[in-house]
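Note: the block below is data21.txt and it holds compact mmCIF, C-alpha atoms.
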# COMPACT_ATOMS: atom_id res chain seq x y z
CA MET X 1 3.69 23.35 23.84
CA ILE X 2 7.12 21.70 23.58
CA SER X 3 8.26 22.89 20.13
CA CYS X 4 7.44 25.56 17.60
CA PHE X 5 8.38 25.72 13.90
CA MET X 6 7.80 28.31 11.20
CA TYR X 7 6.96 27.15 7.67
CA LEU X 8 5.79 29.11 4.61
CA ASP X 9 3.64 27.13 2.18
CA GLU X 10 3.92 29.02 -1.09
CA SER X 11 1.40 26.65 -2.72
CA ARG X 12 -1.29 27.75 -0.21
CA SER X 13 -2.44 24.15 0.11
CA PRO X 14 -5.62 23.32 2.08
CA TYR X 15 -3.77 20.24 3.35
CA TYR X 16 -1.04 19.81 5.96
CA LEU X 17 2.07 21.36 4.35
CA GLU X 18 1.99 21.73 0.57
CA ALA X 19 -0.47 20.36 -1.97
CA LYS X 20 2.22 18.37 -3.82
CA ARG X 21 5.38 17.11 -2.16
CA SER X 22 8.54 17.54 -4.25
CA GLU X 23 11.77 15.63 -3.83
CA LYS X 24 13.33 18.89 -2.63
CA GLU X 25 13.50 19.06 1.14
CA VAL X 26 10.89 21.28 2.74
CA GLY X 27 12.31 24.46 4.25
CA TYR X 28 11.30 25.45 7.76
CA LYS X 29 12.79 27.11 10.83
CA LYS X 30 12.69 25.85 14.40
CA LEU X 31 11.80 28.66 16.80
CA PHE X 32 12.33 26.62 19.97
CA GLY X 33 12.14 23.13 21.47
CA SER X 34 13.00 19.66 20.18
CA SER X 35 13.91 19.21 16.51
CA PHE X 36 11.77 16.05 16.29
CA LEU X 37 8.28 14.85 17.12
CA ASP X 38 7.79 11.35 18.49
CA ILE X 39 5.22 8.57 18.65
CA THR X 40 5.15 5.35 20.64
CA LEU X 41 4.37 2.02 18.96
CA PRO X 42 2.06 -0.54 20.61
CA ASP X 43 5.15 -2.56 21.65
CA GLY X 44 6.51 0.44 23.57
CA ASN X 45 9.25 1.43 21.11
CA ARG X 46 9.42 5.14 20.30
CA LEU X 47 9.90 6.57 16.80
CA LEU X 48 11.22 10.06 16.11
CA TYR X 49 10.15 11.96 13.01
CA PRO X 50 10.64 15.45 11.54
CA PRO X 51 7.87 18.06 11.83
CA THR X 52 7.52 18.08 8.03
CA GLY X 53 6.88 14.32 7.94
CA PHE X 54 3.34 13.01 7.67
CA SER X 55 1.94 11.15 10.68
CA GLN X 56 -1.51 10.09 11.83
CA VAL X 57 -2.56 13.09 13.90
CA ASN X 58 -5.14 11.23 16.02
CA GLU X 59 -2.55 9.39 18.08
CA SER X 60 -5.19 7.75 20.30
CA MET X 61 -6.21 5.69 17.24
CA VAL X 62 -2.69 4.73 16.13
CA PRO X 63 -2.64 1.43 18.11
CA THR X 64 -6.02 0.47 16.59
CA PHE X 65 -4.75 1.47 13.14
CA LEU X 66 -1.59 -0.65 13.45
CA ASN X 67 -3.26 -3.63 15.08
CA THR X 68 -5.97 -3.71 12.41
CA LEU X 69 -3.40 -3.55 9.64
CA GLU X 70 -1.39 -6.38 11.20
CA LYS X 71 -4.48 -8.62 11.39
CA LEU X 72 -5.16 -7.99 7.70
CA ILE X 73 -1.62 -8.42 6.31
CA GLN X 74 -0.86 -11.47 8.53
CA PRO X 75 2.95 -11.07 8.76
CA GLU X 76 5.03 -14.24 8.39
CA SER X 77 8.55 -14.83 9.67
CA ASP X 78 9.87 -15.93 6.25
CA ALA X 79 8.29 -13.10 4.22
CA ARG X 80 9.61 -9.81 2.88
CA LEU X 81 7.50 -6.74 3.62
CA LEU X 82 7.26 -3.86 1.14
CA ASP X 83 6.05 -0.64 2.78
CA LEU X 84 5.23 1.99 0.14
CA TYR X 85 4.68 5.66 1.01
CA CYS X 86 6.24 4.62 4.31
CA GLY X 87 6.91 8.08 5.80
CA TYR X 88 9.12 7.72 8.86
CA GLY X 89 8.36 3.98 9.04
CA LEU X 90 5.32 3.87 11.31
CA ILE X 91 3.69 0.88 9.61
CA GLY X 92 6.79 -1.00 8.48
CA LEU X 93 8.71 -0.70 11.74
CA SER X 94 5.67 -1.87 13.69
CA LEU X 95 5.56 -5.05 11.56
CA VAL X 96 9.26 -5.73 11.01
CA PRO X 97 9.77 -7.90 14.14
CA LYS X 98 7.32 -10.42 12.60
CA VAL X 99 8.79 -10.66 9.08
CA ASP X 100 12.13 -11.71 7.64
CA SER X 101 13.03 -8.39 5.99
CA MET X 102 11.55 -5.06 4.97
CA ILE X 103 11.94 -2.39 2.30
CA GLY X 104 10.32 1.02 2.71
CA ILE X 105 9.93 3.73 0.05
CA GLU X 106 9.15 7.40 0.65
CA ILE X 107 9.69 10.68 -1.23
CA ASP X 108 10.33 12.88 1.82
CA GLY X 109 14.06 12.90 2.55
CA PRO X 110 13.96 13.81 6.27
CA SER X 111 11.34 11.11 6.90
CA VAL X 112 13.53 8.50 5.17
CA LYS X 113 16.49 9.54 7.32
CA ALA X 114 14.36 9.30 10.46
CA ALA X 115 13.08 5.86 9.45
CA ALA X 116 16.60 4.57 8.77
CA ALA X 117 17.83 5.95 12.10
CA SER X 118 14.95 4.27 13.98
CA ALA X 119 15.63 0.96 12.22
CA GLU X 120 19.33 1.13 13.09
CA HIS X 121 18.55 1.90 16.72
CA LEU X 122 15.70 -0.56 17.30
CA TYR X 123 16.26 -3.44 14.87
CA ARG X 124 19.97 -3.54 14.08
CA LYS X 125 19.94 -7.29 13.39
CA LYS X 126 17.06 -7.17 10.91
CA GLU X 127 17.43 -6.71 7.15
CA ILE X 128 15.80 -3.31 6.60
CA ARG X 129 16.25 -0.81 3.76
CA PHE X 130 14.63 2.57 3.17
CA LEU X 131 14.69 4.12 -0.31
CA ARG X 132 13.98 7.73 -1.17
CA GLY X 133 12.11 8.53 -4.35
CA GLU X 134 8.78 9.31 -5.98
CA ILE X 135 6.85 6.07 -6.30
CA GLY X 136 6.21 5.24 -9.93
CA PRO X 137 6.56 2.26 -12.28
CA ALA X 138 10.22 3.02 -13.08
CA LEU X 139 11.24 3.11 -9.42
CA ILE X 140 9.46 -0.18 -8.74
CA ARG X 141 11.12 -1.85 -11.73
CA ASN X 142 14.61 -0.45 -11.33
CA ARG X 143 15.26 0.07 -7.62
CA LEU X 144 13.51 -2.83 -5.96
CA PRO X 145 15.18 -6.26 -5.88
CA LEU X 146 13.60 -9.21 -7.63
CA PRO X 147 10.38 -10.34 -5.94
CA ALA X 148 10.82 -12.59 -2.93
CA GLU X 149 9.25 -16.04 -2.90
CA LYS X 150 6.86 -14.73 -0.25
CA GLU X 151 6.19 -11.00 -0.39
CA LEU X 152 3.69 -8.90 1.55
CA LEU X 153 2.75 -5.42 0.37
CA VAL X 154 1.38 -2.44 2.30
CA LEU X 155 0.74 0.86 0.56
CA ASP X 156 -0.64 4.00 2.18
CA PRO X 157 -0.61 6.63 -0.59
CA PRO X 158 -1.74 10.25 -0.23
CA ARG X 159 -5.39 11.18 -0.68
CA SER X 160 -4.87 11.63 -4.44
CA GLY X 161 -3.97 7.94 -4.77
CA THR X 162 -1.19 6.16 -6.66
CA ALA X 163 0.47 7.36 -9.86
CA ASP X 164 -0.45 5.79 -13.19
CA ASP X 165 0.53 2.11 -13.56
CA VAL X 166 1.90 1.80 -10.01
CA ILE X 167 -0.70 -0.84 -9.14
CA LYS X 168 -0.01 -2.70 -12.38
CA GLU X 169 3.74 -2.75 -11.68
CA LEU X 170 3.24 -3.87 -8.07
CA ALA X 171 0.91 -6.68 -9.15
CA ARG X 172 3.64 -8.02 -11.46
CA ARG X 173 5.60 -8.88 -8.33
CA SER X 174 2.76 -11.27 -7.35
CA PRO X 175 2.60 -10.31 -3.67
CA LEU X 176 0.97 -12.92 -1.45
CA ARG X 177 -1.23 -10.36 0.26
CA VAL X 178 -1.78 -6.62 -0.23
CA VAL X 179 -3.24 -4.10 2.20
CA HIS X 180 -4.14 -0.89 0.38
CA VAL X 181 -4.89 1.96 2.80
CA PHE X 182 -7.15 4.72 1.48
CA CYS X 183 -7.28 8.20 3.04
CA GLY X 184 -10.39 9.08 1.03
CA THR X 185 -13.24 7.05 -0.42
CA ASP X 186 -13.33 8.78 -3.81
CA VAL X 187 -10.33 6.90 -5.24
CA ILE X 188 -11.36 3.44 -3.96
CA PRO X 189 -13.47 2.34 -7.00
CA GLY X 190 -10.78 3.24 -9.53
CA SER X 191 -7.99 1.62 -7.54
CA LEU X 192 -9.97 -1.59 -6.99
CA ALA X 193 -10.70 -1.74 -10.71
CA GLN X 194 -6.95 -1.57 -11.39
CA TRP X 195 -6.25 -4.35 -8.88
CA LYS X 196 -9.03 -6.46 -10.43
CA ASN X 197 -7.49 -6.05 -13.89
CA GLN X 198 -4.30 -7.56 -12.43
CA GLY X 199 -6.12 -10.50 -10.82
CA TYR X 200 -6.42 -9.15 -7.25
CA LEU X 201 -9.80 -8.96 -5.53
CA PRO X 202 -10.83 -7.56 -2.12
CA SER X 203 -10.88 -10.20 0.60
CA GLU X 204 -11.71 -7.97 3.57
CA ILE X 205 -12.58 -4.30 4.04
CA GLN X 206 -12.04 -2.46 7.33
CA PRO X 207 -13.07 1.21 7.68
CA LEU X 208 -11.56 3.20 10.55
CA ASP X 209 -12.96 6.49 11.81
CA LEU X 210 -9.70 8.27 12.57
CA PHE X 211 -11.29 11.70 12.23
CA PRO X 212 -14.50 11.78 14.31
CA GLY X 213 -16.85 14.61 13.45
CA THR X 214 -15.60 14.88 9.87
CA PRO X 215 -16.71 13.19 6.61
CA ASN X 216 -13.25 11.61 6.21
CA MET X 217 -12.77 7.87 6.65
CA GLU X 218 -9.63 5.73 6.57
CA THR X 219 -10.27 2.43 4.79
CA MET X 220 -8.01 -0.65 4.74
CA ILE X 221 -8.64 -3.22 2.01
CA LEU X 222 -7.00 -6.65 1.96
CA LEU X 223 -6.46 -7.92 -1.59
CA LYS X 224 -5.50 -11.43 -2.69
CA LYS X 225 -4.70 -12.86 -6.10
CA GLN X 226 -7.46 -15.04 -7.52

Could you write out this structure as structure tokens?
Amino acid sequence: MISCFMYLDESRSPYYLEAKRSEKEVGYKKLFGSSFLDITLPDGNRLLYPPTGFSQVNESMVPTFLNTLEKLIQPESDARLLDLYCGYGLIGLSLVPKVDSMIGIEIDGPSVKAAAASAEHLYRKKEIRFLRGEIGPALIRNRLPLPAEKELLVLDPPRSGTADDVIKELARRSPLRVVHVFCGTDVIPGSLAQWKNQGYLPSEIQPLDLFPGTPNMETMILLKKQ
């Protein structure tokens, strides 16, 4: 054990930390050790992140997770990458060397700070921005720049899925390719129906068993406009 933190979840959530993340920073106390956790990307670069930030807990599967996502999204050197629900930048910062620019959005303040610090340290010459806020239609309309000529979209929302009209607002940007990552299978049919209403259909589906011995399955779906 290298670190220990104390955290009181007043919501008594069955999930890691609280059931619903607010824009208020989560309060916790470090008892001893490092103030950050860390994870190493497939290219050898190391990312630091706060203990309250979400990360894939089965780290042995992280390289497979990232490599699979890269094969699906097919990054291009002249494209902008949008990384929604980006956390501390695990997905976006693994892809940013292969795109022109990147914008990440996340509600958790400490995770956004960690992502921005990693970007400044590792990719100082790249055009990278991280925005803090709850992802909804208004944020997408008002805080994102106009769509790029070639835009790639990755979204990895919580198990409950996206907020109302988020998919509709994202589709208005006409992304070239979308990879929607699902933590649970129950919200897949409804989300795919929303994408279909906006002209996007599944092109490839890749399940990943990140949690062996449990009924949970991570599912990546590549969507393209028809």

> Can you list, as a list in words, every protein, DNA or RNA residue that comes within 12 Å of Phe36 in chain X when you count only C-alpha atoms, leaving out same-chain residues fewer than 6 positions away?
Replying inline: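 Final neighbour list, sorted by chain and number: Ile2, Ser3, Cys4, Phe5, Lys30, Arg46, Leu47, Leu48, Tyr49, Pro50, Pro51, Thr52, Gly53, Tyr88, Pro110, Ser111 and Ala114 of chain X.
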
> Which one is closest to Gln206 in chain X: X:Leu69, X:Leu170, X:Cys86, X:Ala138? Count only C-alpha atoms.
Replying inline: X:Leu69

>> Applying 9 Å and all atoms listed in the file, which residues near Pro97 in chain X remain after dropping the ones on its own chain fewer than 2 positions away? List them as a PyMOL selection string.
In response: chain X and resi 77+93-95+99-101+123+126

>> Give me, as a list in words, all polymer residues having an atom no more than 12 Å from Arg143 in chain X, counting only C-alpha atoms and skipping those fewer than 4 positions away in the same chain.
In response: Ile103, Gly104, Ile105, Arg129, Phe130, Leu131, Arg132, Gly133, Glu134, Ile135, Gly136, Pro137, Ala138, Leu139 and Pro147 of chain X

>> At a cut-off of 12 Å, using only C-alpha atoms, what residues contact Pro215 in chain X? Leave out same-chain residues fewer than 4 positions from it and give the result as a PyMOL selection string.
In response: chain X and resi 183-186+208-211

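Between CA of Ala119 in chain X and CA of Gly89 in chain X lies a distance of 8.5 Å.
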
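Residues in contact with Glu59 in chain X at 10 Å, where all atoms listed in the file are counted and same-chain residues fewer than 6 positions away are skipped, are listed as Ile39, Thr40, Phe65 and Leu210 of chain X.
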
Those selected residues, please, written with C-alpha atoms and delivered as a PDB file, keeping the file's coordinate frame.
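Contents of the output file selection_25.pdb:
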ATOM      1  CA  ILE X  39       5.220   8.570  18.650  1.00  0.00           C
ATOM      2  CA  THR X  40       5.150   5.350  20.640  1.00  0.00           C
ATOM      3  CA  PHE X  65      -4.750   1.470  13.140  1.00  0.00           C
ATOM      4  CA  LEU X 210      -9.700   8.270  12.570  1.00  0.00           C
TER       5      LEU X 210
END

>> I'd like to know which of X:Ala148, X:Ile73, X:Leu82, X:Val154 is closest to Glu204 in chain X, using only C-alpha atoms.
In response: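 Smallest separation from Glu204 in chain X among the options: X:Ile73.
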
>> Please determine, counting only C-alpha atoms, which residue among X:Ala117, X:Leu152, X:Ile188, X:Val62 has the shortest atom-to-atom distance to Lys98 in chain X.
In response: X:Leu152

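The closest residue to Leu155 in chain X, picked from X:Arg141, X:Lys168, X:Lys224, X:His180 and counting all atoms listed in the file, is X:His180.
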
> Which residue, X:Leu176, X:Ile167, X:Met1, X:Ile128, has the smallest gap to Gly190 in chain X when you use only C-alpha atoms?
Replying inline: X:Ile167

> What does the distance from CA of Leu81 in chain X to CA of Gln198 in chain X come to in Å, to one decimal?
Replying inline: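 Interatomic distance, CA of Leu81 in chain X to CA of Gln198 in chain X: 19.9 Å.
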
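Going from CA of Ile107 in chain X to CA of Ile140 in chain X covers 13.2 Å.
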
>> Counting all atoms listed in the file, which residue out of X:Leu146, X:Val96, X:Gln56, X:Glu106 sits closest to Arg124 in chain X?
In response: X:Val96

Would you mind writing range 33-44 of chain X with all heavy atoms, as a PDB file, in the frame of the given file?
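Below you can see selection-v5.pdb, which holds the result:
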ATOM      1  N   GLY X  33      12.534  24.483  21.098  1.00  0.00           N
ATOM      2  CA  GLY X  33      12.140  23.130  21.470  1.00  0.00           C
ATOM      3  C   GLY X  33      12.901  22.047  20.731  1.00  0.00           C
ATOM      4  O   GLY X  33      13.922  22.290  20.083  1.00  0.00           O
ATOM      5  N   SER X  34      12.389  20.818  20.814  1.00  0.00           N
ATOM      6  CA  SER X  34      13.000  19.660  20.180  1.00  0.00           C
ATOM      7  C   SER X  34      12.914  19.763  18.663  1.00  0.00           C
ATOM      8  O   SER X  34      11.962  20.338  18.120  1.00  0.00           O
ATOM      9  CB  SER X  34      12.304  18.378  20.646  1.00  0.00           C
ATOM     10  OG  SER X  34      12.746  17.267  19.901  1.00  0.00           O
ATOM     11  N   SER X  35      13.907  19.192  17.978  1.00  0.00           N
ATOM     12  CA  SER X  35      13.910  19.210  16.510  1.00  0.00           C
ATOM     13  C   SER X  35      13.039  18.102  15.929  1.00  0.00           C
ATOM     14  O   SER X  35      12.823  18.056  14.716  1.00  0.00           O
ATOM     15  CB  SER X  35      15.342  19.052  15.987  1.00  0.00           C
ATOM     16  OG  SER X  35      16.148  20.134  16.396  1.00  0.00           O
ATOM     17  N   PHE X  36      12.557  17.178  16.771  1.00  0.00           N
ATOM     18  CA  PHE X  36      11.770  16.050  16.290  1.00  0.00           C
ATOM     19  C   PHE X  36      10.490  15.896  17.091  1.00  0.00           C
ATOM     20  O   PHE X  36      10.408  16.282  18.260  1.00  0.00           O
ATOM     21  CB  PHE X  36      12.574  14.737  16.390  1.00  0.00           C
ATOM     22  CG  PHE X  36      13.764  14.692  15.479  1.00  0.00           C
ATOM     23  CD1 PHE X  36      15.002  15.126  15.922  1.00  0.00           C
ATOM     24  CD2 PHE X  36      13.648  14.231  14.185  1.00  0.00           C
ATOM     25  CE1 PHE X  36      16.109  15.087  15.084  1.00  0.00           C
ATOM     26  CE2 PHE X  36      14.740  14.193  13.342  1.00  0.00           C
ATOM     27  CZ  PHE X  36      15.976  14.625  13.789  1.00  0.00           C
ATOM     28  N   LEU X  37       9.484  15.315  16.439  1.00  0.00           N
ATOM     29  CA  LEU X  37       8.280  14.850  17.120  1.00  0.00           C
ATOM     30  C   LEU X  37       8.484  13.363  17.395  1.00  0.00           C
ATOM     31  O   LEU X  37       9.394  12.736  16.860  1.00  0.00           O
ATOM     32  CB  LEU X  37       7.054  15.093  16.247  1.00  0.00           C
ATOM     33  CG  LEU X  37       6.864  16.532  15.752  1.00  0.00           C
ATOM     34  CD1 LEU X  37       5.623  16.626  14.872  1.00  0.00           C
ATOM     35  CD2 LEU X  37       6.765  17.498  16.913  1.00  0.00           C
ATOM     36  N   ASP X  38       7.624  12.774  18.205  1.00  0.00           N
ATOM     37  CA  ASP X  38       7.790  11.350  18.490  1.00  0.00           C
ATOM     38  C   ASP X  38       6.430  10.690  18.666  1.00  0.00           C
ATOM     39  O   ASP X  38       5.429  11.351  18.952  1.00  0.00           O
ATOM     40  CB  ASP X  38       8.649  11.135  19.731  1.00  0.00           C
ATOM     41  CG  ASP X  38       7.963  11.566  21.006  1.00  0.00           C
ATOM     42  OD1 ASP X  38       7.239  10.762  21.597  1.00  0.00           O
ATOM     43  OD2 ASP X  38       8.144  12.737  21.407  1.00  0.00           O
ATOM     44  N   ILE X  39       6.426   9.379  18.466  1.00  0.00           N
ATOM     45  CA  ILE X  39       5.220   8.570  18.650  1.00  0.00           C
ATOM     46  C   ILE X  39       5.648   7.215  19.185  1.00  0.00           C
ATOM     47  O   ILE X  39       6.740   6.717  18.849  1.00  0.00           O
ATOM     48  CB  ILE X  39       4.446   8.427  17.310  1.00  0.00           C
ATOM     49  CG1 ILE X  39       3.054   7.862  17.554  1.00  0.00           C
ATOM     50  CG2 ILE X  39       5.209   7.583  16.299  1.00  0.00           C
ATOM     51  CD1 ILE X  39       2.135   8.000  16.342  1.00  0.00           C
ATOM     52  N   THR X  40       4.823   6.627  20.028  1.00  0.00           N
ATOM     53  CA  THR X  40       5.150   5.350  20.640  1.00  0.00           C
ATOM     54  C   THR X  40       4.333   4.238  19.990  1.00  0.00           C
ATOM     55  O   THR X  40       3.105   4.337  19.862  1.00  0.00           O
ATOM     56  CB  THR X  40       4.860   5.374  22.158  1.00  0.00           C
ATOM     57  OG1 THR X  40       5.639   6.420  22.757  1.00  0.00           O
ATOM     58  CG2 THR X  40       5.237   4.049  22.808  1.00  0.00           C
ATOM     59  N   LEU X  41       5.017   3.168  19.568  1.00  0.00           N
ATOM     60  CA  LEU X  41       4.370   2.020  18.960  1.00  0.00           C
ATOM     61  C   LEU X  41       3.671   1.184  20.037  1.00  0.00           C
ATOM     62  O   LEU X  41       3.980   1.306  21.229  1.00  0.00           O
ATOM     63  CB  LEU X  41       5.395   1.162  18.226  1.00  0.00           C
ATOM     64  CG  LEU X  41       6.135   1.823  17.065  1.00  0.00           C
ATOM     65  CD1 LEU X  41       7.174   0.877  16.493  1.00  0.00           C
ATOM     66  CD2 LEU X  41       5.159   2.249  15.975  1.00  0.00           C
ATOM     67  N   PRO X  42       2.738   0.315  19.631  1.00  0.00           N
ATOM     68  CA  PRO X  42       2.060  -0.540  20.610  1.00  0.00           C
ATOM     69  C   PRO X  42       3.013  -1.402  21.444  1.00  0.00           C
ATOM     70  O   PRO X  42       2.699  -1.751  22.582  1.00  0.00           O
ATOM     71  CB  PRO X  42       1.150  -1.415  19.741  1.00  0.00           C
ATOM     72  CG  PRO X  42       0.842  -0.553  18.559  1.00  0.00           C
ATOM     73  CD  PRO X  42       2.118   0.192  18.296  1.00  0.00           C
ATOM     74  N   ASP X  43       4.202  -1.739  20.891  1.00  0.00           N
ATOM     75  CA  ASP X  43       5.150  -2.560  21.650  1.00  0.00           C
ATOM     76  C   ASP X  43       6.015  -1.730  22.608  1.00  0.00           C
ATOM     77  O   ASP X  43       6.892  -2.259  23.289  1.00  0.00           O
ATOM     78  CB  ASP X  43       6.054  -3.373  20.715  1.00  0.00           C
ATOM     79  CG  ASP X  43       6.923  -2.498  19.810  1.00  0.00           C
ATOM     80  OD1 ASP X  43       6.934  -1.255  19.986  1.00  0.00           O
ATOM     81  OD2 ASP X  43       7.593  -3.056  18.922  1.00  0.00           O
ATOM     82  N   GLY X  44       5.776  -0.423  22.655  1.00  0.00           N
ATOM     83  CA  GLY X  44       6.510   0.440  23.570  1.00  0.00           C
ATOM     84  C   GLY X  44       7.691   1.150  22.956  1.00  0.00           C
ATOM     85  O   GLY X  44       8.237   2.084  23.566  1.00  0.00           O
TER      86      GLY X  44
END
